[in-house]
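What follows is a single structure, written as structure tokens, with notes after it.
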Amino acid sequence: MFVDDSVRGLGAGKALVREIETLSARRGVHTLRLTVRDDLAEAHRLYRRLGYTPVRPFSTSPYADNQLAKVLLEAR
């Protein structure tokens with residue numbers, strides 16, 4: 001995800017993530033996973049504030065310094 005400098009700090013990133021979570025949950029997605037590079041400290045803080053927690057590695061991408069996930073729906 002990329003948020004333009006002109007709207008950083010105004011809640012645009014948070015709104016985008018929340019919308020993705022809402023749409024995903026409506027479609028039956030149980031867990032969202034993401035990766036974030038070490039140098040993207042602001043993004044990493046945002047994801048942590050929104051409830052994403054570190055998980056075991058699921059990507060071998062050289063840009064996947066941090067691998068996070070969030071459960072959206074309880075398994076039925």
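In the structure tokens, each chain is lettered A, B, ... as it comes, each chain's residues begin at 1, and ligands are numbered from 1 in order of appearance.
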
Mind checking which residues fall within 12 Å of Asp65 in chain A, counting only C-alpha atoms, ignoring those fewer than 5 positions away in the same chain, and posting them as an MDAnalysis selection string?
chainID A and resid 34:41 44 54:60

Can you list, as a PyMOL selection string, every protein, DNA or RNA residue that comes within 9 Å of range 4-19 of chain A when you count only C-alpha atoms, leaving out same-chain residues fewer than 6 positions away?
chain A and resi 43+46-47+50

Preceding selection exported with N, CA and C atoms as a compact mmCIF listing (two decimals), in the first residue's frame:
# COMPACT_ATOMS: atom_id res chain seq x y z
N ALA A 43 4.71 2.62 8.39
CA ALA A 43 3.76 1.59 7.97
C ALA A 43 3.70 0.47 9.00
N LEU A 46 1.70 1.58 11.92
CA LEU A 46 0.27 1.61 11.58
C LEU A 46 -0.32 0.21 11.68
N TYR A 47 0.31 -0.76 11.05
CA TYR A 47 -0.22 -2.13 11.06
C TYR A 47 -0.29 -2.68 12.48
N LEU A 50 -3.20 -1.27 14.30
CA LEU A 50 -4.47 -1.80 13.80
C LEU A 50 -4.66 -3.27 14.14

From a DSSP calculation on the backbone, collect every residue of chain A in strand (DSSP E or B) and output the set as a VMD selection string.
chain A and resid 31 to 36 53 to 54 66 to 71

Could you please take those selected residues and save C-alpha atoms as an mmCIF file, in the first residue's frame?
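Everything below was put into again.cif:
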data_model
loop_
_atom_site.group_PDB
_atom_site.id
_atom_site.type_symbol
_atom_site.label_atom_id
_atom_site.label_comp_id
_atom_site.auth_asym_id
_atom_site.auth_seq_id
_atom_site.Cartn_x
_atom_site.Cartn_y
_atom_site.Cartn_z
ATOM 1 C CA THR A 31 -7.110 -13.786 8.167
ATOM 2 C CA LEU A 32 -5.178 -11.054 6.402
ATOM 3 C CA ARG A 33 -1.422 -11.362 6.098
ATOM 4 C CA LEU A 34 1.054 -8.750 4.987
ATOM 5 C CA THR A 35 4.718 -8.002 4.750
ATOM 6 C CA VAL A 36 6.520 -4.747 5.396
ATOM 7 C CA THR A 53 0.889 -9.157 14.930
ATOM 8 C CA PRO A 54 4.114 -10.930 13.937
ATOM 9 C CA ASN A 66 8.352 -8.193 8.844
ATOM 10 C CA GLN A 67 5.496 -10.613 8.356
ATOM 11 C CA LEU A 68 2.250 -9.814 10.113
ATOM 12 C CA ALA A 69 -1.313 -11.124 10.250
ATOM 13 C CA LYS A 70 -4.685 -10.280 11.728
ATOM 14 C CA VAL A 71 -7.654 -12.584 12.284
#

Within 10 Å of Leu72 in chain A using only C-alpha atoms, minus same-chain residues under 6 positions, as number ranges by chain:
A: 21-22, 24-26, 28-32

Determine which residues of chain A DSSP labels as alpha helix (DSSP H) from the backbone of this structure, then write them out as a list of chain:residue names.
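Put together, the selection reads A:Ala12, A:Gly13, A:Lys14, A:Ala15, A:Leu16, A:Val17, A:Arg18, A:Glu19, A:Ile20, A:Glu21, A:Thr22, A:Leu23, A:Ser24, A:Ala25, A:Arg26, A:Ala41, A:Glu42, A:Ala43, A:His44, A:Arg45, A:Leu46, A:Tyr47, A:Arg48, A:Arg49.
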